[in-house]
>>> print(open('my_file12.cif').read())   # mmCIF, N, CA, C and O atoms and all ligand atoms
data_upload
loop_
_atom_site.label_atom_id
_atom_site.label_comp_id
_atom_site.auth_asym_id
_atom_site.auth_seq_id
_atom_site.Cartn_x
_atom_site.Cartn_y
_atom_site.Cartn_z
N MET A 1 -19.36 5.33 -7.25
CA MET A 1 -18.86 4.21 -8.05
C MET A 1 -18.07 3.26 -7.16
O MET A 1 -17.25 3.67 -6.36
N SER A 2 -18.31 1.99 -7.32
CA SER A 2 -17.63 1.00 -6.49
C SER A 2 -16.40 0.48 -7.23
O SER A 2 -16.42 0.30 -8.44
N ASN A 3 -15.34 0.22 -6.50
CA ASN A 3 -14.15 -0.34 -7.14
C ASN A 3 -13.91 -1.77 -6.69
O ASN A 3 -12.81 -2.28 -6.73
N ILE A 4 -14.97 -2.43 -6.26
CA ILE A 4 -14.84 -3.83 -5.84
C ILE A 4 -14.49 -4.68 -7.06
O ILE A 4 -15.08 -4.54 -8.12
N GLY A 5 -13.50 -5.53 -6.91
CA GLY A 5 -13.10 -6.39 -8.01
C GLY A 5 -11.87 -5.88 -8.73
O GLY A 5 -11.23 -6.61 -9.45
N ILE A 6 -11.57 -4.60 -8.57
CA ILE A 6 -10.37 -4.06 -9.19
C ILE A 6 -9.24 -4.12 -8.17
O ILE A 6 -9.33 -3.55 -7.09
N CYS A 7 -8.18 -4.83 -8.54
CA CYS A 7 -7.05 -4.94 -7.64
C CYS A 7 -6.04 -3.85 -7.95
O CYS A 7 -5.68 -3.63 -9.09
N GLU A 8 -5.62 -3.18 -6.93
CA GLU A 8 -4.58 -2.19 -7.09
C GLU A 8 -3.39 -2.62 -6.25
O GLU A 8 -3.54 -3.21 -5.19
N TYR A 9 -2.20 -2.32 -6.80
CA TYR A 9 -0.98 -2.72 -6.12
C TYR A 9 -0.06 -1.52 -5.96
O TYR A 9 -0.12 -0.56 -6.75
N VAL A 10 0.75 -1.57 -4.95
CA VAL A 10 1.81 -0.58 -4.78
C VAL A 10 3.11 -1.34 -4.54
O VAL A 10 3.08 -2.51 -4.14
N ILE A 11 4.22 -0.67 -4.79
CA ILE A 11 5.52 -1.28 -4.53
C ILE A 11 6.10 -0.62 -3.28
O ILE A 11 6.03 0.60 -3.12
N GLY A 12 6.62 -1.45 -2.41
CA GLY A 12 7.23 -0.91 -1.21
C GLY A 12 8.62 -1.48 -1.02
O GLY A 12 8.95 -2.55 -1.55
N ILE A 13 9.46 -0.76 -0.31
CA ILE A 13 10.75 -1.30 0.09
C ILE A 13 10.80 -1.30 1.61
O ILE A 13 10.15 -0.48 2.26
N ILE A 14 11.53 -2.26 2.13
CA ILE A 14 11.65 -2.35 3.58
C ILE A 14 12.97 -1.70 3.97
O ILE A 14 14.03 -2.07 3.48
N HIS A 15 12.88 -0.69 4.83
CA HIS A 15 14.08 0.00 5.28
C HIS A 15 13.97 0.19 6.79
O HIS A 15 13.03 0.83 7.27
N ASN A 16 14.90 -0.40 7.52
CA ASN A 16 14.86 -0.33 8.98
C ASN A 16 13.52 -0.79 9.53
O ASN A 16 12.94 -0.16 10.42
N LYS A 17 12.99 -1.85 8.97
CA LYS A 17 11.72 -2.45 9.37
C LYS A 17 10.51 -1.58 9.05
O LYS A 17 9.38 -1.94 9.37
N ASP A 18 10.72 -0.41 8.44
CA ASP A 18 9.60 0.42 8.02
C ASP A 18 9.35 0.19 6.54
O ASP A 18 10.26 -0.12 5.79
N ILE A 19 8.10 0.36 6.14
CA ILE A 19 7.75 0.25 4.73
C ILE A 19 7.76 1.64 4.11
O ILE A 19 7.15 2.57 4.62
N TRP A 20 8.50 1.74 3.00
CA TRP A 20 8.48 2.99 2.23
C TRP A 20 7.87 2.66 0.87
O TRP A 20 8.32 1.74 0.19
N TYR A 21 6.85 3.41 0.51
CA TYR A 21 6.15 3.13 -0.73
C TYR A 21 6.79 3.89 -1.89
O TYR A 21 7.18 5.05 -1.75
N TYR A 22 6.85 3.19 -3.02
CA TYR A 22 7.40 3.79 -4.23
C TYR A 22 6.42 4.83 -4.77
O TYR A 22 5.26 4.52 -5.01
N VAL A 23 6.91 6.04 -4.95
CA VAL A 23 6.06 7.14 -5.40
C VAL A 23 6.18 7.34 -6.91
O VAL A 23 5.21 7.72 -7.59
N GLY A 24 7.35 7.08 -7.46
CA GLY A 24 7.58 7.31 -8.88
C GLY A 24 8.71 8.31 -9.05
O GLY A 24 9.10 8.99 -8.10
N GLU A 25 9.24 8.37 -10.24
CA GLU A 25 10.40 9.22 -10.47
C GLU A 25 10.03 10.66 -10.78
O GLU A 25 10.83 11.55 -10.69
N TYR A 26 8.80 10.86 -11.20
CA TYR A 26 8.41 12.20 -11.61
C TYR A 26 7.21 12.66 -10.79
O TYR A 26 6.34 11.87 -10.45
N ASP A 27 7.18 13.95 -10.50
CA ASP A 27 6.01 14.46 -9.80
C ASP A 27 4.99 14.93 -10.83
O ASP A 27 5.17 14.77 -12.03
N ALA A 28 3.91 15.52 -10.36
CA ALA A 28 2.80 15.87 -11.24
C ALA A 28 3.21 16.89 -12.32
O ALA A 28 2.61 16.93 -13.39
N ASP A 29 4.22 17.69 -12.06
CA ASP A 29 4.64 18.71 -13.02
C ASP A 29 5.66 18.16 -14.02
O ASP A 29 6.12 18.89 -14.88
N GLY A 30 6.03 16.90 -13.88
CA GLY A 30 7.00 16.32 -14.77
C GLY A 30 8.43 16.64 -14.39
O GLY A 30 9.35 16.32 -15.12
N GLU A 31 8.61 17.26 -13.25
CA GLU A 31 9.97 17.56 -12.78
C GLU A 31 10.58 16.28 -12.22
O GLU A 31 9.92 15.53 -11.51
N LYS A 32 11.84 16.06 -12.53
CA LYS A 32 12.50 14.89 -11.98
C LYS A 32 12.86 15.14 -10.51
O LYS A 32 13.43 16.17 -10.16
N LEU A 33 12.47 14.21 -9.68
CA LEU A 33 12.73 14.37 -8.25
C LEU A 33 14.09 13.77 -7.89
O LEU A 33 14.61 12.94 -8.61
N GLU A 34 14.61 14.21 -6.78
CA GLU A 34 15.84 13.60 -6.28
C GLU A 34 15.53 12.14 -5.91
O GLU A 34 14.42 11.83 -5.49
N PRO A 35 16.53 11.25 -6.05
CA PRO A 35 16.31 9.83 -5.75
C PRO A 35 15.73 9.59 -4.37
O PRO A 35 14.92 8.70 -4.19
N CYS A 36 16.12 10.41 -3.41
CA CYS A 36 15.64 10.19 -2.04
C CYS A 36 14.16 10.52 -1.89
O CYS A 36 13.57 10.21 -0.88
N GLN A 37 13.60 11.17 -2.88
CA GLN A 37 12.19 11.54 -2.78
C GLN A 37 11.29 10.56 -3.52
O GLN A 37 10.13 10.83 -3.73
N LYS A 38 11.87 9.44 -3.91
CA LYS A 38 11.07 8.48 -4.67
C LYS A 38 10.19 7.60 -3.79
O LYS A 38 9.41 6.83 -4.29
N TYR A 39 10.35 7.75 -2.49
CA TYR A 39 9.60 6.90 -1.59
C TYR A 39 8.87 7.74 -0.54
O TYR A 39 9.31 8.83 -0.20
N SER A 40 7.78 7.22 -0.07
CA SER A 40 7.04 7.91 0.98
C SER A 40 6.54 6.88 1.97
O SER A 40 6.26 5.73 1.61
N SER A 41 6.44 7.27 3.22
CA SER A 41 5.91 6.34 4.22
C SER A 41 4.39 6.33 4.19
O SER A 41 3.75 5.56 4.89
N PHE A 42 3.80 7.23 3.40
CA PHE A 42 2.34 7.30 3.33
C PHE A 42 1.82 6.55 2.11
O PHE A 42 2.21 6.84 0.97
N LEU A 43 0.91 5.63 2.35
CA LEU A 43 0.32 4.85 1.27
C LEU A 43 -0.40 5.75 0.27
O LEU A 43 -0.42 5.49 -0.93
N SER A 44 -0.97 6.86 0.75
CA SER A 44 -1.72 7.75 -0.13
C SER A 44 -0.82 8.40 -1.18
O SER A 44 -1.29 8.83 -2.24
N ASP A 45 0.49 8.49 -0.89
CA ASP A 45 1.45 9.07 -1.86
C ASP A 45 1.91 8.04 -2.89
O ASP A 45 2.44 8.40 -3.93
N ALA A 46 1.72 6.77 -2.57
CA ALA A 46 2.31 5.71 -3.39
C ALA A 46 1.72 5.68 -4.79
O ALA A 46 0.55 6.02 -5.00
N LYS A 47 2.56 5.28 -5.72
CA LYS A 47 2.09 5.08 -7.09
C LYS A 47 1.27 3.80 -7.14
O LYS A 47 1.74 2.74 -6.75
N HIS A 48 0.02 3.91 -7.59
CA HIS A 48 -0.87 2.75 -7.63
C HIS A 48 -0.85 2.12 -9.02
O HIS A 48 -0.94 2.81 -10.02
N TYR A 49 -0.74 0.81 -9.03
CA TYR A 49 -0.75 0.06 -10.29
C TYR A 49 -2.00 -0.80 -10.33
O TYR A 49 -2.28 -1.51 -9.36
N ASP A 50 -2.73 -0.76 -11.44
CA ASP A 50 -3.85 -1.70 -11.57
C ASP A 50 -3.57 -2.70 -12.69
O ASP A 50 -4.42 -3.48 -13.07
N ASP A 51 -2.35 -2.67 -13.22
CA ASP A 51 -1.96 -3.56 -14.31
C ASP A 51 -0.67 -4.27 -13.91
O ASP A 51 0.31 -3.63 -13.54
N ILE A 52 -0.69 -5.59 -13.95
CA ILE A 52 0.44 -6.37 -13.45
C ILE A 52 1.70 -6.14 -14.29
O ILE A 52 2.82 -6.19 -13.79
N ASP A 53 1.54 -5.88 -15.60
CA ASP A 53 2.71 -5.63 -16.46
C ASP A 53 3.38 -4.30 -16.10
O ASP A 53 4.60 -4.20 -16.06
N LEU A 54 2.56 -3.28 -15.87
CA LEU A 54 3.10 -1.98 -15.46
C LEU A 54 3.81 -2.11 -14.12
O LEU A 54 4.83 -1.48 -13.86
N LEU A 55 3.22 -2.96 -13.27
CA LEU A 55 3.81 -3.20 -11.96
C LEU A 55 5.21 -3.80 -12.10
O LEU A 55 6.16 -3.37 -11.45
N ARG A 56 5.34 -4.77 -13.01
CA ARG A 56 6.65 -5.39 -13.23
C ARG A 56 7.65 -4.39 -13.79
O ARG A 56 8.83 -4.40 -13.42
N ASP A 57 7.18 -3.53 -14.70
CA ASP A 57 8.06 -2.48 -15.24
C ASP A 57 8.55 -1.58 -14.12
O ASP A 57 9.71 -1.20 -14.07
N GLY A 58 7.63 -1.23 -13.22
CA GLY A 58 7.98 -0.38 -12.08
C GLY A 58 9.01 -1.05 -11.20
O GLY A 58 9.97 -0.42 -10.75
N LEU A 59 8.83 -2.35 -10.98
CA LEU A 59 9.77 -3.11 -10.15
C LEU A 59 11.17 -3.11 -10.75
O LEU A 59 12.16 -3.01 -10.04
N ASP A 60 11.22 -3.21 -12.10
CA ASP A 60 12.52 -3.27 -12.77
C ASP A 60 13.31 -1.97 -12.60
O ASP A 60 14.53 -1.96 -12.70
N LEU A 61 12.59 -0.86 -12.36
CA LEU A 61 13.26 0.43 -12.21
C LEU A 61 14.00 0.54 -10.89
O LEU A 61 14.92 1.32 -10.75
N LEU A 62 13.55 -0.26 -9.93
CA LEU A 62 14.13 -0.14 -8.59
C LEU A 62 15.42 -0.93 -8.49
O LEU A 62 15.58 -1.97 -9.11
N HIS A 63 16.30 -0.43 -7.70
CA HIS A 63 17.60 -1.06 -7.53
C HIS A 63 17.45 -2.43 -6.89
O HIS A 63 16.65 -2.62 -5.97
N GLU A 64 18.21 -3.39 -7.39
CA GLU A 64 18.04 -4.76 -6.93
C GLU A 64 18.52 -4.99 -5.51
O GLU A 64 18.21 -6.00 -4.89
N SER A 65 19.30 -4.06 -4.99
CA SER A 65 19.86 -4.28 -3.65
C SER A 65 18.84 -4.01 -2.55
O SER A 65 19.04 -4.41 -1.41
N VAL A 66 17.77 -3.33 -2.88
CA VAL A 66 16.77 -3.06 -1.84
C VAL A 66 15.74 -4.19 -1.82
O VAL A 66 15.50 -4.85 -2.82
N THR A 67 15.15 -4.40 -0.67
CA THR A 67 14.12 -5.43 -0.53
C THR A 67 12.80 -4.88 -1.04
O THR A 67 12.17 -4.04 -0.43
N ARG A 68 12.43 -5.37 -2.22
CA ARG A 68 11.21 -4.87 -2.84
C ARG A 68 10.05 -5.81 -2.53
O ARG A 68 10.20 -7.02 -2.57
N LYS A 69 8.92 -5.23 -2.26
CA LYS A 69 7.74 -6.04 -2.00
C LYS A 69 6.55 -5.44 -2.73
O LYS A 69 6.45 -4.22 -2.86
N ILE A 70 5.69 -6.32 -3.19
CA ILE A 70 4.45 -5.86 -3.82
C ILE A 70 3.33 -5.97 -2.79
O ILE A 70 3.19 -6.99 -2.13
N PHE A 71 2.60 -4.89 -2.66
CA PHE A 71 1.49 -4.90 -1.72
C PHE A 71 0.18 -4.72 -2.48
O PHE A 71 0.08 -3.88 -3.37
N GLU A 72 -0.79 -5.50 -2.10
CA GLU A 72 -2.12 -5.32 -2.67
C GLU A 72 -2.85 -4.28 -1.83
O GLU A 72 -2.86 -4.35 -0.61
N VAL A 73 -3.39 -3.28 -2.51
CA VAL A 73 -4.09 -2.21 -1.81
C VAL A 73 -5.53 -2.64 -1.56
O VAL A 73 -6.23 -3.06 -2.47
N GLN A 74 -5.94 -2.55 -0.33
CA GLN A 74 -7.32 -2.86 0.02
C GLN A 74 -7.96 -1.63 0.64
O GLN A 74 -7.26 -0.80 1.22
N ARG A 75 -9.25 -1.50 0.47
CA ARG A 75 -9.93 -0.37 1.09
C ARG A 75 -10.83 -0.89 2.19
O ARG A 75 -11.62 -1.79 1.99
N CYS A 76 -10.67 -0.32 3.36
CA CYS A 76 -11.45 -0.76 4.52
C CYS A 76 -12.91 -0.34 4.35
O CYS A 76 -13.19 0.84 4.15
N PRO A 77 -13.85 -1.29 4.43
CA PRO A 77 -15.26 -0.93 4.26
C PRO A 77 -15.80 -0.16 5.45
O PRO A 77 -16.85 0.46 5.37
N LYS A 78 -15.06 -0.17 6.54
CA LYS A 78 -15.53 0.50 7.76
C LYS A 78 -15.14 1.98 7.80
O LYS A 78 -15.96 2.83 8.02
N CYS A 79 -13.86 2.26 7.55
CA CYS A 79 -13.40 3.65 7.64
C CYS A 79 -13.04 4.23 6.27
O CYS A 79 -12.80 5.42 6.14
N GLY A 80 -13.00 3.37 5.23
CA GLY A 80 -12.74 3.88 3.88
C GLY A 80 -11.28 4.13 3.59
O GLY A 80 -10.93 4.59 2.50
N LYS A 81 -10.40 3.83 4.54
CA LYS A 81 -8.98 4.08 4.36
C LYS A 81 -8.32 2.95 3.57
O LYS A 81 -8.71 1.80 3.70
N GLU A 82 -7.31 3.31 2.77
CA GLU A 82 -6.54 2.29 2.07
C GLU A 82 -5.52 1.70 3.02
O GLU A 82 -4.96 2.40 3.86
N PHE A 83 -5.28 0.40 2.86
CA PHE A 83 -4.24 -0.22 3.69
C PHE A 83 -3.65 -1.40 2.93
O PHE A 83 -4.24 -1.92 1.99
N THR A 84 -2.46 -1.81 3.34
CA THR A 84 -1.78 -2.93 2.68
C THR A 84 -1.47 -4.05 3.67
O THR A 84 -1.00 -5.10 3.28
N GLU A 85 -1.70 -3.81 4.94
CA GLU A 85 -1.40 -4.82 5.95
C GLU A 85 -2.39 -5.98 5.84
O GLU A 85 -3.43 -5.88 5.20
N TYR A 86 -2.07 -7.06 6.53
CA TYR A 86 -2.97 -8.19 6.58
C TYR A 86 -4.28 -7.73 7.23
O TYR A 86 -4.25 -7.13 8.31
N PRO A 87 -5.42 -8.00 6.58
CA PRO A 87 -6.68 -7.46 7.13
C PRO A 87 -7.12 -8.17 8.41
O PRO A 87 -6.76 -9.31 8.66
N ALA A 88 -7.90 -7.46 9.18
CA ALA A 88 -8.52 -8.06 10.36
C ALA A 88 -9.93 -8.48 9.99
O ALA A 88 -10.53 -7.94 9.06
N LEU A 89 -10.44 -9.46 10.70
CA LEU A 89 -11.79 -9.93 10.46
C LEU A 89 -12.73 -9.17 11.38
O LEU A 89 -12.52 -9.12 12.58
N SER A 90 -13.76 -8.57 10.80
CA SER A 90 -14.70 -7.81 11.62
C SER A 90 -15.43 -8.74 12.58
O SER A 90 -15.89 -9.81 12.20
N ARG A 91 -15.53 -8.30 13.82
CA ARG A 91 -16.24 -9.10 14.82
C ARG A 91 -17.75 -8.96 14.68
O ARG A 91 -18.50 -9.66 15.34
N VAL A 92 -18.18 -8.01 13.84
CA VAL A 92 -19.61 -7.79 13.67
C VAL A 92 -20.25 -8.98 12.96
O VAL A 92 -21.27 -9.51 13.39
N ASP A 93 -19.63 -9.43 11.84
CA ASP A 93 -20.22 -10.56 11.11
C ASP A 93 -19.23 -11.71 10.91
O ASP A 93 -19.56 -12.73 10.31
N ASN A 94 -18.00 -11.54 11.39
CA ASN A 94 -16.97 -12.57 11.28
C ASN A 94 -16.59 -12.95 9.86
O ASN A 94 -16.07 -14.02 9.61
N GLU A 95 -16.88 -12.06 8.87
CA GLU A 95 -16.44 -12.36 7.51
C GLU A 95 -15.94 -11.14 6.76
O GLU A 95 -15.20 -11.27 5.81
N THR A 96 -16.33 -9.95 7.19
CA THR A 96 -15.87 -8.74 6.51
C THR A 96 -14.43 -8.44 6.91
O THR A 96 -14.09 -8.47 8.09
N GLU A 97 -13.59 -8.20 5.89
CA GLU A 97 -12.20 -7.89 6.17
C GLU A 97 -12.05 -6.38 6.30
O GLU A 97 -12.42 -5.62 5.41
N ILE A 98 -11.53 -5.96 7.42
CA ILE A 98 -11.37 -4.54 7.70
C ILE A 98 -9.90 -4.25 7.99
O ILE A 98 -9.09 -5.18 8.13
N CYS A 99 -9.55 -2.97 8.08
CA CYS A 99 -8.15 -2.63 8.29
C CYS A 99 -7.74 -2.96 9.74
O CYS A 99 -8.59 -3.03 10.63
N PRO A 100 -6.43 -3.17 9.96
CA PRO A 100 -5.98 -3.54 11.31
C PRO A 100 -6.38 -2.53 12.38
O PRO A 100 -6.69 -2.92 13.51
N GLU A 101 -6.40 -1.24 12.03
CA GLU A 101 -6.78 -0.22 13.01
C GLU A 101 -8.21 -0.41 13.47
O GLU A 101 -8.52 -0.34 14.66
N CYS A 102 -9.12 -0.63 12.50
CA CYS A 102 -10.52 -0.86 12.85
C CYS A 102 -10.65 -2.17 13.62
O CYS A 102 -11.49 -2.29 14.51
N GLY A 103 -9.82 -3.15 13.28
CA GLY A 103 -9.83 -4.42 13.99
C GLY A 103 -9.51 -4.22 15.46
O GLY A 103 -10.15 -4.79 16.33
N VAL A 104 -8.51 -3.36 15.71
CA VAL A 104 -8.12 -3.07 17.11
C VAL A 104 -9.26 -2.34 17.81
O VAL A 104 -9.60 -2.65 18.94
N MET A 105 -9.87 -1.38 17.11
CA MET A 105 -10.98 -0.63 17.70
C MET A 105 -12.13 -1.56 18.07
O MET A 105 -12.70 -1.46 19.14
N GLU A 106 -12.46 -2.46 17.14
CA GLU A 106 -13.56 -3.39 17.42
C GLU A 106 -13.23 -4.30 18.59
O GLU A 106 -14.08 -4.60 19.43
N ALA A 107 -11.97 -4.74 18.65
CA ALA A 107 -11.56 -5.61 19.74
C ALA A 107 -11.74 -4.89 21.08
O ALA A 107 -12.18 -5.48 22.06
N LEU A 108 -11.40 -3.61 21.11
CA LEU A 108 -11.55 -2.82 22.33
C LEU A 108 -13.01 -2.71 22.71
O LEU A 108 -13.40 -2.92 23.86
N VAL A 109 -13.84 -2.37 21.72
CA VAL A 109 -15.27 -2.17 21.99
C VAL A 109 -15.91 -3.46 22.49
O VAL A 109 -16.70 -3.46 23.42
N PHE A 110 -15.50 -4.58 21.88
CA PHE A 110 -16.16 -5.84 22.22
C PHE A 110 -15.70 -6.42 23.56
O PHE A 110 -16.36 -7.31 24.10
N THR A 111 -14.57 -5.94 24.11
CA THR A 111 -14.14 -6.48 25.39
C THR A 111 -14.66 -5.64 26.55
O THR A 111 -14.61 -6.07 27.69
N ILE A 112 -15.15 -4.43 26.25
CA ILE A 112 -15.68 -3.57 27.33
C ILE A 112 -16.97 -4.16 27.88
O ILE A 112 -17.82 -4.59 27.12
ZN ZN B 201 -10.68 0.78 8.84
#
>>> encode(input="my_file12.cif", output="structure tokens")
Amino acid sequence: MSNIGICEYVIGIIHNKDIWYYVGEYDADGEKLEPCQKYSSFLSDAKHYDDIDLLRDGLDLLHESVTRKIFEVQRCPKCGKEFTEYPALSRVDNETEICPECGVMEALVFTI
């Protein structure tokens, strides 16, 4: 099944120049987690929103003193990995947007 056309978003906070993704207040068992466990540096752990209203509700839960950012989740067509960074343009056709890691790999291959 293809998910092209469906936009997914995650919420991140910037801490010491690193992005920490909002995971949510509850884990799969419904146990309340400690506040420090609400964030993860891994995008795969992040709570994904496909509804902009739910996203806003999620944003409201976060403390206003932290720098909150909304990231659009994209899936790299080359490696299949999710990423939120600015995409790289594939050198193969100059129009496919791929993840920055694949962009670096292609740049290396094409300069050899
Ligand atoms: Zn990739």
>>> select_by_dssp(input="my_file12.cif", residues="range 3-107 of chain A", states="helix (DSSP H, G or I)", output="mmCIF file with N, CA, C and O atoms, in the coordinates of the input")
data_model
loop_
_atom_site.group_PDB
_atom_site.id
_atom_site.type_symbol
_atom_site.label_atom_id
_atom_site.label_comp_id
_atom_site.auth_asym_id
_atom_site.auth_seq_id
_atom_site.Cartn_x
_atom_site.Cartn_y
_atom_site.Cartn_z
ATOM 1 N N PRO A 35 16.530 11.250 -6.050
ATOM 2 C CA PRO A 35 16.310 9.830 -5.750
ATOM 3 C C PRO A 35 15.730 9.590 -4.370
ATOM 4 O O PRO A 35 14.920 8.700 -4.190
ATOM 5 N N CYS A 36 16.120 10.410 -3.410
ATOM 6 C CA CYS A 36 15.640 10.190 -2.040
ATOM 7 C C CYS A 36 14.160 10.520 -1.890
ATOM 8 O O CYS A 36 13.570 10.210 -0.880
ATOM 9 N N GLN A 37 13.600 11.170 -2.880
ATOM 10 C CA GLN A 37 12.190 11.540 -2.780
ATOM 11 C C GLN A 37 11.290 10.560 -3.520
ATOM 12 O O GLN A 37 10.130 10.830 -3.730
ATOM 13 N N LEU A 43 0.910 5.630 2.350
ATOM 14 C CA LEU A 43 0.320 4.850 1.270
ATOM 15 C C LEU A 43 -0.400 5.750 0.270
ATOM 16 O O LEU A 43 -0.420 5.490 -0.930
ATOM 17 N N SER A 44 -0.970 6.860 0.750
ATOM 18 C CA SER A 44 -1.720 7.750 -0.130
ATOM 19 C C SER A 44 -0.820 8.400 -1.180
ATOM 20 O O SER A 44 -1.290 8.830 -2.240
ATOM 21 N N ASP A 45 0.490 8.490 -0.890
ATOM 22 C CA ASP A 45 1.450 9.070 -1.860
ATOM 23 C C ASP A 45 1.910 8.040 -2.890
ATOM 24 O O ASP A 45 2.440 8.400 -3.930
ATOM 25 N N ILE A 52 -0.690 -5.590 -13.950
ATOM 26 C CA ILE A 52 0.440 -6.370 -13.450
ATOM 27 C C ILE A 52 1.700 -6.140 -14.290
ATOM 28 O O ILE A 52 2.820 -6.190 -13.790
ATOM 29 N N ASP A 53 1.540 -5.880 -15.600
ATOM 30 C CA ASP A 53 2.710 -5.630 -16.460
ATOM 31 C C ASP A 53 3.380 -4.300 -16.100
ATOM 32 O O ASP A 53 4.600 -4.200 -16.060
ATOM 33 N N LEU A 54 2.560 -3.280 -15.870
ATOM 34 C CA LEU A 54 3.100 -1.980 -15.460
ATOM 35 C C LEU A 54 3.810 -2.110 -14.120
ATOM 36 O O LEU A 54 4.830 -1.480 -13.860
ATOM 37 N N LEU A 55 3.220 -2.960 -13.270
ATOM 38 C CA LEU A 55 3.810 -3.200 -11.960
ATOM 39 C C LEU A 55 5.210 -3.800 -12.100
ATOM 40 O O LEU A 55 6.160 -3.370 -11.450
ATOM 41 N N ARG A 56 5.340 -4.770 -13.010
ATOM 42 C CA ARG A 56 6.650 -5.390 -13.230
ATOM 43 C C ARG A 56 7.650 -4.390 -13.790
ATOM 44 O O ARG A 56 8.830 -4.400 -13.420
ATOM 45 N N ASP A 57 7.180 -3.530 -14.700
ATOM 46 C CA ASP A 57 8.060 -2.480 -15.240
ATOM 47 C C ASP A 57 8.550 -1.580 -14.120
ATOM 48 O O ASP A 57 9.710 -1.200 -14.070
ATOM 49 N N GLY A 58 7.630 -1.230 -13.220
ATOM 50 C CA GLY A 58 7.980 -0.380 -12.080
ATOM 51 C C GLY A 58 9.010 -1.050 -11.200
ATOM 52 O O GLY A 58 9.970 -0.420 -10.750
ATOM 53 N N LEU A 59 8.830 -2.350 -10.980
ATOM 54 C CA LEU A 59 9.770 -3.110 -10.150
ATOM 55 C C LEU A 59 11.170 -3.110 -10.750
ATOM 56 O O LEU A 59 12.160 -3.010 -10.040
ATOM 57 N N ASP A 60 11.220 -3.210 -12.100
ATOM 58 C CA ASP A 60 12.520 -3.270 -12.770
ATOM 59 C C ASP A 60 13.310 -1.970 -12.600
ATOM 60 O O ASP A 60 14.530 -1.960 -12.700
ATOM 61 N N LEU A 61 12.590 -0.860 -12.360
ATOM 62 C CA LEU A 61 13.260 0.430 -12.210
ATOM 63 C C LEU A 61 14.000 0.540 -10.890
ATOM 64 O O LEU A 61 14.920 1.320 -10.750
ATOM 65 N N PRO A 100 -6.430 -3.170 9.960
ATOM 66 C CA PRO A 100 -5.980 -3.540 11.310
ATOM 67 C C PRO A 100 -6.380 -2.530 12.380
ATOM 68 O O PRO A 100 -6.690 -2.920 13.510
ATOM 69 N N GLU A 101 -6.400 -1.240 12.030
ATOM 70 C CA GLU A 101 -6.780 -0.220 13.010
ATOM 71 C C GLU A 101 -8.210 -0.410 13.470
ATOM 72 O O GLU A 101 -8.520 -0.340 14.660
ATOM 73 N N CYS A 102 -9.120 -0.630 12.500
ATOM 74 C CA CYS A 102 -10.520 -0.860 12.850
ATOM 75 C C CYS A 102 -10.650 -2.170 13.620
ATOM 76 O O CYS A 102 -11.490 -2.290 14.510
ATOM 77 N N GLY A 103 -9.820 -3.150 13.280
ATOM 78 C CA GLY A 103 -9.830 -4.420 13.990
ATOM 79 C C GLY A 103 -9.510 -4.220 15.460
ATOM 80 O O GLY A 103 -10.150 -4.790 16.330
ATOM 81 N N VAL A 104 -8.510 -3.360 15.710
ATOM 82 C CA VAL A 104 -8.120 -3.070 17.110
ATOM 83 C C VAL A 104 -9.260 -2.340 17.810
ATOM 84 O O VAL A 104 -9.600 -2.650 18.940
ATOM 85 N N MET A 105 -9.870 -1.380 17.110
ATOM 86 C CA MET A 105 -10.980 -0.630 17.700
ATOM 87 C C MET A 105 -12.130 -1.560 18.070
ATOM 88 O O MET A 105 -12.700 -1.460 19.140
ATOM 89 N N GLU A 106 -12.460 -2.460 17.140
ATOM 90 C CA GLU A 106 -13.560 -3.390 17.420
ATOM 91 C C GLU A 106 -13.230 -4.300 18.590
ATOM 92 O O GLU A 106 -14.080 -4.600 19.430
ATOM 93 N N ALA A 107 -11.970 -4.740 18.650
ATOM 94 C CA ALA A 107 -11.560 -5.610 19.740
ATOM 95 C C ALA A 107 -11.740 -4.890 21.080
ATOM 96 O O ALA A 107 -12.180 -5.480 22.060
#
>>> residues_near_ligand(input="my_file12.cif", ligand="ligand ZN 201 (chain B)", cutoff="6 Å", atoms="only C-alpha atoms and all ligand atoms", output="list in words")
Cys76, Lys78, Cys79, Lys81, Ile98, Cys99, Glu101 and Cys102 of chain A
>>> atom_distance(input="my_file12.cif", atom1="atom N of His48 in chain A", atom2="atom N of Leu89 in chain A")
25.0 Å
>>> closest_residue(input="my_file12.cif", among="A:Asp51, A:Glu106, A:Glu8, A:Asp45", to="Ile70 in chain A", atoms="only N, CA, C and O atoms")
A:Glu8
>>> closest_residue(input="my_file12.cif", among="A:Ile14, A:Tyr49, A:Pro100, A:Arg91", to="Phe71 in chain A", atoms="all atoms listed in the file")
A:Tyr49
>>> atom_distance(input="my_file12.cif", atom1="atom N of Asp60 in chain A", atom2="CA of Ser41 in chain A")
19.6 Å
>>> closest_residue(input="my_file12.cif", among="A:Phe42, A:Asp93, A:Phe110, A:Gln74", to="Ile19 in chain A", atoms="all atoms listed in the file")
A:Phe42
>>> closest_residue(input="my_file12.cif", among="A:Asp53, A:Asp18, A:Glu72, A:Glu25", to="Glu85 in chain A", atoms="all atoms listed in the file")
A:Glu72
>>> select_by_dssp(input="my_file12.cif", residues="chain A", states="strand (DSSP E or B)", output="PyMOL selection string")
chain A and resi 8-15+18-22+26+32+39-40+49+68-75+82-83+88-89+97-98
>>> closest_residue(input="my_file12.cif", among="A:Val23, A:Ala88, A:Ala107, A:Ile13", to="Lys38 in chain A", atoms="all atoms listed in the file")
A:Val23
>>> atom_distance(input="my_file12.cif", atom1="CA of Leu62 in chain A", atom2="atom O of Leu43 in chain A")
17.4 Å
>>> closest_residue(input="my_file12.cif", among="A:Gly80, A:Arg75, A:Thr67, A:Gly58", to="Trp20 in chain A", atoms="all atoms listed in the file")
A:Thr67
>>> residues_near_point(input="my_file12.cif", point="(2.2, 0.6, -8.9)", cutoff="6 Å", atoms="only C-alpha atoms", output="ChimeraX atom specification")
/A:9-11,47-49,55
